[in-house]
Amino acid sequence: MPASAASSRQASVTVLRFGRLAAMGTVAVLILIAGVWASWGTAQHVMLTKGRESGTVEVTRCGPDTCTGRYRPLSEGSQPRARVVLEKSVAVEKGRTYTVVLKPGSDDAVRSGPAGVLYAWIPLGGALLLASVVVAGGLRRTRWAWVLALSGVGLLTAAFVVV
């Protein structure tokens with residue numbers, strides 16, 4: 001085989017390797033961005049509580065997707081409400097009282113405290129697990145994949161235990 005053919009083959013292998021790394025790296029980053037994006041919609045209300053109404057909700061009724069109850073304020077300037085809506089999950093039960101933060105300009109409540117923070121970041125935990133598979137298989141970076149996977153499992157486990 002002539003030297004030019006060998007160098008041409010080596011160049012095409014290098015280009016394909018770079019293309020695989022670029023494509024899989026982009027997919028992994030997009031998965032992580034989507035996880036943060038999905039989590040931030042709720043997490044911003046739980047984590048950035050300055051100026052937001054906070055209080056407790058005693059759940060009196062639960063439907064298929066939401067639970068409702070009476071809101072009692074804990075923060076200064078917050079007003080009691082006869083009915084606020086809390087997203088129903090396996091961790092919300094009728095008759096229990098939860099600390100919540102109200103979304104501005106609405107009657108939607110989000111759980112606050114450690115349970116609310118961890119629950120808000122659950123989509124990121126799933127994204128970390130999914131990205132770990134892409135990093136291990138597509139990028140062949142097993143150490144980074146283990147770091148991502150263990151971070152995702154840790155986040156999901158902590159949320160399960162606390163919630």
# chains A, B, ... in the order shown; residues from 1 in each chain; ligands from 1

$ select_by_dssp --residues "chain A" --states "helix (DSSP H, G or I)" --output "number ranges by chain"
A: 3-47, 113-120, 122-137, 142-162

$ residues_around --residues "region 4-21 of chain A" --least-positions-apart "4" --cutoff "10 Å" --atoms "only C-alpha atoms" --output "PyMOL selection string"
chain A and resi 25-27+135+138-140

$ closest_atom_pairs --of "region 80-101 of chain A" --to "region 62-68 of chain A" --cutoff "6 Å" --atoms "only C-alpha atoms" --output "Markdown table"
| residue | atom | partner | partner_atom | distance |
| --- | --- | --- | --- | --- |
| A:Val84 | CA | A:Thr68 | CA | 5.5 |
| A:Val85 | CA | A:Thr68 | CA | 4.6 |
| A:Leu86 | CA | A:Cys67 | CA | 5.1 |
| A:Glu87 | CA | A:Thr66 | CA | 4.6 |
| A:Lys88 | CA | A:Thr66 | CA | 4.4 |

$ closest_residue --among "A:Ala28, A:Val36, A:Leu48, A:Ala109" --to "Arg70 (chain A)" --atoms "only C-alpha atoms"
A:Ala109

$ closest_residue --among "A:Gly41, A:Gly35, A:Gly95, A:Gly55" --to "Gly113 (chain A)" --atoms "only C-alpha atoms"
A:Gly55

$ decode --residues "region 106-146 of chain A" --atoms "C-alpha atoms" --output "PDB file, in the first residue's frame"
ATOM      1  CA  SER A 106     -50.969  32.480  40.951  1.00  0.00           C
ATOM      2  CA  ASP A 107     -52.467  30.043  43.409  1.00  0.00           C
ATOM      3  CA  ASP A 108     -49.957  27.338  42.473  1.00  0.00           C
ATOM      4  CA  ALA A 109     -47.857  26.086  45.358  1.00  0.00           C
ATOM      5  CA  VAL A 110     -44.504  24.295  45.271  1.00  0.00           C
ATOM      6  CA  ARG A 111     -43.101  22.298  48.179  1.00  0.00           C
ATOM      7  CA  SER A 112     -40.257  24.072  49.918  1.00  0.00           C
ATOM      8  CA  GLY A 113     -37.370  22.984  52.108  1.00  0.00           C
ATOM      9  CA  PRO A 114     -35.000  20.116  51.369  1.00  0.00           C
ATOM     10  CA  ALA A 115     -37.795  17.894  50.077  1.00  0.00           C
ATOM     11  CA  GLY A 116     -38.946  20.554  47.629  1.00  0.00           C
ATOM     12  CA  VAL A 117     -35.436  21.273  46.374  1.00  0.00           C
ATOM     13  CA  LEU A 118     -34.656  17.609  45.774  1.00  0.00           C
ATOM     14  CA  TYR A 119     -38.051  16.965  44.188  1.00  0.00           C
ATOM     15  CA  ALA A 120     -37.532  19.910  41.831  1.00  0.00           C
ATOM     16  CA  TRP A 121     -34.201  18.527  40.608  1.00  0.00           C
ATOM     17  CA  ILE A 122     -35.472  15.001  39.817  1.00  0.00           C
ATOM     18  CA  PRO A 123     -35.483  15.661  36.033  1.00  0.00           C
ATOM     19  CA  LEU A 124     -31.789  16.539  36.265  1.00  0.00           C
ATOM     20  CA  GLY A 125     -31.139  13.227  38.030  1.00  0.00           C
ATOM     21  CA  GLY A 126     -32.717  11.368  35.137  1.00  0.00           C
ATOM     22  CA  ALA A 127     -30.740  13.440  32.647  1.00  0.00           C
ATOM     23  CA  LEU A 128     -27.509  12.611  34.470  1.00  0.00           C
ATOM     24  CA  LEU A 129     -28.281   8.909  34.187  1.00  0.00           C
ATOM     25  CA  LEU A 130     -29.125   9.178  30.503  1.00  0.00           C
ATOM     26  CA  ALA A 131     -26.071  11.308  29.745  1.00  0.00           C
ATOM     27  CA  SER A 132     -23.843   8.767  31.499  1.00  0.00           C
ATOM     28  CA  VAL A 133     -24.873   6.141  28.950  1.00  0.00           C
ATOM     29  CA  VAL A 134     -24.039   8.503  26.081  1.00  0.00           C
ATOM     30  CA  VAL A 135     -20.700   9.436  27.640  1.00  0.00           C
ATOM     31  CA  ALA A 136     -19.753   5.792  28.253  1.00  0.00           C
ATOM     32  CA  GLY A 137     -20.889   4.434  24.893  1.00  0.00           C
ATOM     33  CA  GLY A 138     -20.435   7.342  22.527  1.00  0.00           C
ATOM     34  CA  LEU A 139     -17.456   9.127  24.035  1.00  0.00           C
ATOM     35  CA  ARG A 140     -15.847   6.072  25.654  1.00  0.00           C
ATOM     36  CA  ARG A 141     -15.152   8.062  28.816  1.00  0.00           C
ATOM     37  CA  THR A 142     -16.028   5.540  31.509  1.00  0.00           C
ATOM     38  CA  ARG A 143     -14.771   7.544  34.481  1.00  0.00           C
ATOM     39  CA  TRP A 144     -16.879  10.557  33.505  1.00  0.00           C
ATOM     40  CA  ALA A 145     -19.800   8.226  32.862  1.00  0.00           C
ATOM     41  CA  TRP A 146     -19.497   6.751  36.343  1.00  0.00           C
TER      42      TRP A 146
END
